[in-house]
Each structure stands twice: as C-alpha cells, then as structure tokens.
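Source file: protein-v6.txt (compact mmCIF, N, CA and C atoms)
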# COMPACT_ATOMS: atom_id res chain seq x y z
N MET A 969 20.61 -11.64 -2.09
CA MET A 969 20.79 -10.38 -1.40
C MET A 969 22.25 -9.91 -1.50
N LYS A 970 23.18 -10.87 -1.37
CA LYS A 970 24.59 -10.51 -1.48
C LYS A 970 24.92 -10.05 -2.91
N ASN A 971 24.25 -10.67 -3.88
CA ASN A 971 24.47 -10.30 -5.27
C ASN A 971 24.03 -8.86 -5.52
N LEU A 972 22.89 -8.49 -4.99
CA LEU A 972 22.39 -7.13 -5.14
C LEU A 972 23.32 -6.14 -4.46
N ARG A 973 23.76 -6.47 -3.26
CA ARG A 973 24.67 -5.59 -2.52
C ARG A 973 25.99 -5.42 -3.28
N SER A 974 26.51 -6.49 -3.86
CA SER A 974 27.77 -6.39 -4.60
C SER A 974 27.59 -5.55 -5.86
N LYS A 975 26.45 -5.67 -6.53
CA LYS A 975 26.19 -4.85 -7.71
C LYS A 975 26.11 -3.37 -7.34
N ILE A 976 25.46 -3.08 -6.23
CA ILE A 976 25.36 -1.68 -5.79
C ILE A 976 26.74 -1.15 -5.42
N ASN A 977 27.54 -1.95 -4.72
CA ASN A 977 28.90 -1.52 -4.36
C ASN A 977 29.76 -1.29 -5.60
N ASP A 978 29.65 -2.15 -6.60
CA ASP A 978 30.39 -1.97 -7.85
C ASP A 978 29.97 -0.69 -8.55
N TRP A 979 28.66 -0.45 -8.59
CA TRP A 979 28.16 0.76 -9.24
C TRP A 979 28.65 2.02 -8.52
N LEU A 980 28.64 2.00 -7.18
CA LEU A 980 29.13 3.15 -6.42
C LEU A 980 30.63 3.36 -6.62
N GLU A 981 31.39 2.28 -6.72
CA GLU A 981 32.82 2.40 -6.98
C GLU A 981 33.08 3.00 -8.35
N GLN A 982 32.29 2.60 -9.35
CA GLN A 982 32.44 3.18 -10.69
C GLN A 982 32.12 4.68 -10.68
N LEU A 983 31.08 5.06 -9.94
CA LEU A 983 30.76 6.48 -9.83
C LEU A 983 31.88 7.25 -9.15
N ASP A 984 32.48 6.65 -8.13
CA ASP A 984 33.58 7.30 -7.41
C ASP A 984 34.78 7.49 -8.33
N VAL A 985 35.08 6.48 -9.14
CA VAL A 985 36.20 6.58 -10.08
C VAL A 985 35.93 7.68 -11.10
N LYS A 986 34.69 7.74 -11.62
CA LYS A 986 34.34 8.78 -12.59
C LYS A 986 34.43 10.17 -11.95
N TRP A 987 33.99 10.28 -10.68
CA TRP A 987 34.02 11.56 -9.99
C TRP A 987 35.47 12.03 -9.79
N LYS A 988 36.34 11.10 -9.40
CA LYS A 988 37.74 11.47 -9.17
C LYS A 988 38.46 11.78 -10.48
N ALA A 989 38.02 11.20 -11.59
CA ALA A 989 38.65 11.46 -12.88
C ALA A 989 38.20 12.80 -13.46
N MET A 990 37.12 13.35 -12.96
CA MET A 990 36.58 14.61 -13.45
C MET A 990 37.47 15.78 -12.99
N PRO A 991 37.63 16.81 -13.81
CA PRO A 991 38.44 17.97 -13.40
C PRO A 991 37.82 18.67 -12.17
N ILE A 992 38.67 19.33 -11.39
CA ILE A 992 38.24 19.97 -10.14
C ILE A 992 37.19 21.05 -10.41
N GLY A 993 37.36 21.80 -11.46
CA GLY A 993 36.40 22.86 -11.79
C GLY A 993 35.00 22.31 -12.05
N LYS A 994 34.95 21.20 -12.74
CA LYS A 994 33.66 20.56 -13.03
C LYS A 994 33.04 19.98 -11.76
N GLN A 995 33.88 19.40 -10.89
CA GLN A 995 33.39 18.91 -9.60
C GLN A 995 32.78 20.04 -8.78
N GLN A 996 33.47 21.18 -8.75
CA GLN A 996 32.97 22.33 -8.00
C GLN A 996 31.66 22.84 -8.59
N ARG A 997 31.57 22.86 -9.91
CA ARG A 997 30.35 23.31 -10.57
C ARG A 997 29.17 22.39 -10.23
N TYR A 998 29.39 21.07 -10.28
CA TYR A 998 28.32 20.12 -9.93
C TYR A 998 27.93 20.26 -8.46
N THR A 999 28.90 20.44 -7.58
CA THR A 999 28.60 20.60 -6.16
C THR A 999 27.81 21.87 -5.93
N LEU A 1000 28.21 22.96 -6.57
CA LEU A 1000 27.47 24.22 -6.45
C LEU A 1000 26.06 24.08 -6.99
N LEU A 1001 25.89 23.39 -8.09
CA LEU A 1001 24.56 23.15 -8.65
C LEU A 1001 23.70 22.33 -7.70
N LEU A 1002 24.29 21.31 -7.08
CA LEU A 1002 23.56 20.47 -6.14
C LEU A 1002 23.08 21.28 -4.94
N PHE A 1003 23.98 22.05 -4.33
CA PHE A 1003 23.59 22.82 -3.15
C PHE A 1003 22.64 23.96 -3.48
N SER A 1004 22.80 24.58 -4.64
CA SER A 1004 21.88 25.66 -5.02
C SER A 1004 20.47 25.10 -5.29
N SER A 1005 20.38 23.93 -5.90
CA SER A 1005 19.06 23.34 -6.12
C SER A 1005 18.43 22.93 -4.79
N TYR A 1006 19.23 22.42 -3.87
CA TYR A 1006 18.72 22.07 -2.54
C TYR A 1006 18.24 23.32 -1.81
N PHE A 1007 19.00 24.40 -1.90
CA PHE A 1007 18.61 25.66 -1.27
C PHE A 1007 17.32 26.20 -1.89
N PHE A 1008 17.20 26.13 -3.21
CA PHE A 1008 16.01 26.60 -3.90
C PHE A 1008 14.77 25.80 -3.48
N LEU A 1009 14.90 24.49 -3.40
CA LEU A 1009 13.77 23.67 -2.97
C LEU A 1009 13.40 23.96 -1.52
N SER A 1010 14.40 24.19 -0.67
CA SER A 1010 14.12 24.52 0.73
C SER A 1010 13.37 25.83 0.84
N VAL A 1011 13.77 26.81 0.07
CA VAL A 1011 13.08 28.11 0.09
C VAL A 1011 11.64 27.94 -0.41
N LEU A 1012 11.44 27.15 -1.44
CA LEU A 1012 10.08 26.93 -1.94
C LEU A 1012 9.20 26.26 -0.89
N VAL A 1013 9.73 25.29 -0.18
CA VAL A 1013 8.95 24.60 0.85
C VAL A 1013 8.62 25.57 1.99
N MET A 1014 9.59 26.38 2.40
CA MET A 1014 9.33 27.36 3.46
C MET A 1014 8.28 28.38 3.04
N LEU A 1015 8.36 28.85 1.80
CA LEU A 1015 7.36 29.79 1.31
C LEU A 1015 5.97 29.16 1.30
N LYS A 1016 5.89 27.90 0.90
CA LYS A 1016 4.61 27.20 0.89
C LYS A 1016 4.06 27.06 2.31
N VAL A 1017 4.91 26.75 3.28
CA VAL A 1017 4.46 26.63 4.67
C VAL A 1017 3.99 27.98 5.18
N TYR A 1018 4.75 29.03 4.92
CA TYR A 1018 4.34 30.37 5.37
C TYR A 1018 3.03 30.79 4.72
N TYR A 1019 2.87 30.47 3.45
CA TYR A 1019 1.63 30.80 2.76
C TYR A 1019 0.45 30.06 3.37
N ASP A 1020 0.62 28.78 3.66
CA ASP A 1020 -0.47 28.00 4.26
C ASP A 1020 -0.82 28.51 5.65
N VAL A 1021 0.18 28.90 6.43
CA VAL A 1021 -0.08 29.42 7.77
C VAL A 1021 -0.77 30.77 7.67
N TYR A 1022 -0.35 31.60 6.75
CA TYR A 1022 -0.96 32.93 6.58
C TYR A 1022 -2.40 32.80 6.10
N LYS A 1023 -2.65 31.84 5.21
CA LYS A 1023 -3.97 31.67 4.63
C LYS A 1023 -4.95 31.03 5.62
N ALA A 1024 -4.45 30.28 6.59
CA ALA A 1024 -5.31 29.57 7.52
C ALA A 1024 -6.12 30.56 8.36
N ASN A 1025 -7.26 30.08 8.83
CA ASN A 1025 -8.13 30.90 9.66
C ASN A 1025 -7.45 31.13 11.01
N ALA A 1026 -7.43 32.38 11.46
CA ALA A 1026 -6.75 32.71 12.71
C ALA A 1026 -7.58 32.36 13.93
N LYS A 1027 -8.88 32.14 13.75
CA LYS A 1027 -9.73 31.83 14.89
C LYS A 1027 -9.67 30.33 15.20
N ILE A 1028 -9.59 30.05 16.47
CA ILE A 1028 -9.58 28.65 16.91
C ILE A 1028 -10.91 28.38 17.59
N ALA A 1029 -11.56 27.33 17.16
CA ALA A 1029 -12.84 26.97 17.76
C ALA A 1029 -12.59 26.24 19.07
N ILE A 1030 -13.15 26.79 20.16
CA ILE A 1030 -12.98 26.17 21.46
C ILE A 1030 -14.33 25.62 21.87
N ASP A 1031 -14.42 24.31 21.97
CA ASP A 1031 -15.65 23.62 22.34
C ASP A 1031 -15.36 22.66 23.48
N HIS A 1032 -16.43 22.18 24.06
CA HIS A 1032 -16.29 21.16 25.09
C HIS A 1032 -15.85 19.86 24.46
N ILE A 1033 -15.07 19.11 25.19
CA ILE A 1033 -14.62 17.81 24.72
C ILE A 1033 -15.74 16.81 24.95
N GLU A 1034 -16.10 16.09 23.89
CA GLU A 1034 -17.16 15.10 24.01
C GLU A 1034 -16.54 13.70 24.01
N ASN A 1035 -17.17 12.82 24.76
CA ASN A 1035 -16.71 11.45 24.83
C ASN A 1035 -16.99 10.76 23.50
N PRO A 1036 -15.95 10.26 22.81
CA PRO A 1036 -16.18 9.65 21.49
C PRO A 1036 -16.97 8.35 21.56
N ILE A 1037 -16.92 7.67 22.69
CA ILE A 1037 -17.67 6.40 22.81
C ILE A 1037 -19.15 6.68 22.83
N ILE A 1038 -19.55 7.69 23.58
CA ILE A 1038 -20.97 8.03 23.63
C ILE A 1038 -21.43 8.54 22.26
N LYS A 1039 -20.61 9.33 21.62
CA LYS A 1039 -20.94 9.83 20.30
C LYS A 1039 -21.09 8.67 19.31
N LYS A 1040 -20.22 7.67 19.44
CA LYS A 1040 -20.25 6.51 18.55
C LYS A 1040 -21.53 5.69 18.78
N GLN A 1041 -21.90 5.52 20.03
CA GLN A 1041 -23.08 4.73 20.36
C GLN A 1041 -24.36 5.42 19.89
N LYS A 1042 -24.39 6.73 19.95
CA LYS A 1042 -25.57 7.46 19.49
C LYS A 1042 -25.74 7.32 17.99
N SER A 1043 -24.63 7.36 17.26
CA SER A 1043 -24.73 7.31 15.81
C SER A 1043 -24.91 5.89 15.29
N LYS A 1044 -24.50 4.89 16.06
CA LYS A 1044 -24.57 3.51 15.60
C LYS A 1044 -25.89 2.87 16.06
N ALA A 1045 -26.72 2.51 15.11
CA ALA A 1045 -27.97 1.85 15.43
C ALA A 1045 -27.72 0.34 15.50
N LEU A 1046 -28.12 -0.28 16.59
CA LEU A 1046 -27.90 -1.72 16.74
C LEU A 1046 -28.94 -2.51 15.95
N PRO A 1047 -28.50 -3.51 15.22
CA PRO A 1047 -29.46 -4.34 14.49
C PRO A 1047 -30.25 -5.21 15.48
N LEU A 1048 -31.48 -5.47 15.15
CA LEU A 1048 -32.35 -6.20 16.06
C LEU A 1048 -32.10 -7.70 16.05
N ASP A 1049 -31.66 -8.24 14.94
CA ASP A 1049 -31.51 -9.69 14.84
C ASP A 1049 -30.05 -10.13 14.78
N SER A 1050 -29.18 -9.42 15.44
CA SER A 1050 -27.76 -9.75 15.40
C SER A 1050 -27.47 -10.96 16.29
N ILE A 1051 -26.69 -11.89 15.79
CA ILE A 1051 -26.31 -13.07 16.56
C ILE A 1051 -25.39 -12.67 17.71
N GLU A 1052 -24.57 -11.66 17.48
CA GLU A 1052 -23.64 -11.21 18.51
C GLU A 1052 -24.39 -10.74 19.75
N ILE A 1053 -25.46 -10.00 19.56
CA ILE A 1053 -26.24 -9.51 20.70
C ILE A 1053 -26.91 -10.67 21.43
N ILE A 1054 -27.41 -11.62 20.69
CA ILE A 1054 -28.08 -12.77 21.30
C ILE A 1054 -27.07 -13.58 22.11
N LEU A 1055 -25.88 -13.82 21.56
CA LEU A 1055 -24.87 -14.57 22.29
C LEU A 1055 -24.39 -13.82 23.51
N LYS A 1056 -24.23 -12.50 23.40
CA LYS A 1056 -23.82 -11.72 24.55
C LYS A 1056 -24.84 -11.82 25.66
N ASN A 1057 -26.10 -11.71 25.30
CA ASN A 1057 -27.14 -11.78 26.32
C ASN A 1057 -27.15 -13.14 27.00
N LYS A 1058 -26.94 -14.22 26.27
CA LYS A 1058 -26.94 -15.56 26.85
C LYS A 1058 -25.72 -15.79 27.73
N LEU A 1059 -24.59 -15.19 27.37
CA LEU A 1059 -23.37 -15.35 28.16
C LEU A 1059 -23.50 -14.69 29.53
N TYR A 1060 -24.14 -13.55 29.58
CA TYR A 1060 -24.18 -12.78 30.81
C TYR A 1060 -25.49 -12.97 31.60
N GLU A 1061 -26.36 -13.87 31.16
CA GLU A 1061 -27.58 -14.11 31.91
C GLU A 1061 -27.27 -14.99 33.12
N ARG A 1062 -28.13 -14.87 34.14
CA ARG A 1062 -27.94 -15.70 35.34
C ARG A 1062 -28.98 -16.77 35.43
Conversion result in structure tokens:
Amino acid sequence: MKNLRSKINDWLEQLDVKWKAMPIGKQQRYTLLLFSSYFFLSVLVMLKVYYDVYKANAKIAIDHIENPIIKKQKSKALPLDSIEIILKNKLYER
C-alpha cells in the first residue's frame, strides 16, 4: 500500500513540475479549456433534466395506500408440504 501511495505521489510531483515548466499562456489555455468543458457538460445535464421534467406526465395518480404485507400475502401462495409450516405449527401448539 505504501508502494502504491509513493508511486502516485511521484507521478503527481512529475505532473506538477511539468505544469510549472509550461508557459503561462498555455496554462491559461488549458485552464480555460477545462472550465469551458465543465460548463458545457453542466449545461447538457441541466437541459436533459429540464427535458425529462417537461416530458413527464403532469398528472399525479392519487390512490389509497395499501398495506404491502397484506398485498404480499395475497399474491404468495403457501405450499402445502412445506417443512417450515409444519415446524411452525409444532412449535406453537399447546
């Protein structure tokens, strides 16, 4: 783990040295390119969100809240020869 961390630190130091050796005009150009691409991606994401909201159905379905446990029990058919049911019945018998 220390070896990996030292390799990453060395790589970052090399990048920093290369960045500082680069002319100021080129640094400014790269920074402007970075922020403009970030701005462009942000605008695209916002447009996509607005499009999805606009396209969505404006009507909201309002229904009664149903108990999911009862709904689950209605849909789940219990097997007749389940060992679990037999053991449960024997545990709770008097």
d(CA of Met990 (chain A), CA of Lys975 (chain A)) in Å: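 Taking CA of Met990 (chain A) as the start and CA of Lys975 (chain A) as the end point, the length is 22.8 Å.
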d(atom C of His1032 (chain A), atom C of Tyr1018 (chain A)) in Å: 29.4 Å
Distance in Å - atom N of Gln996 (chain A) versus CA of Ile976 (chain A): 24.4 Å
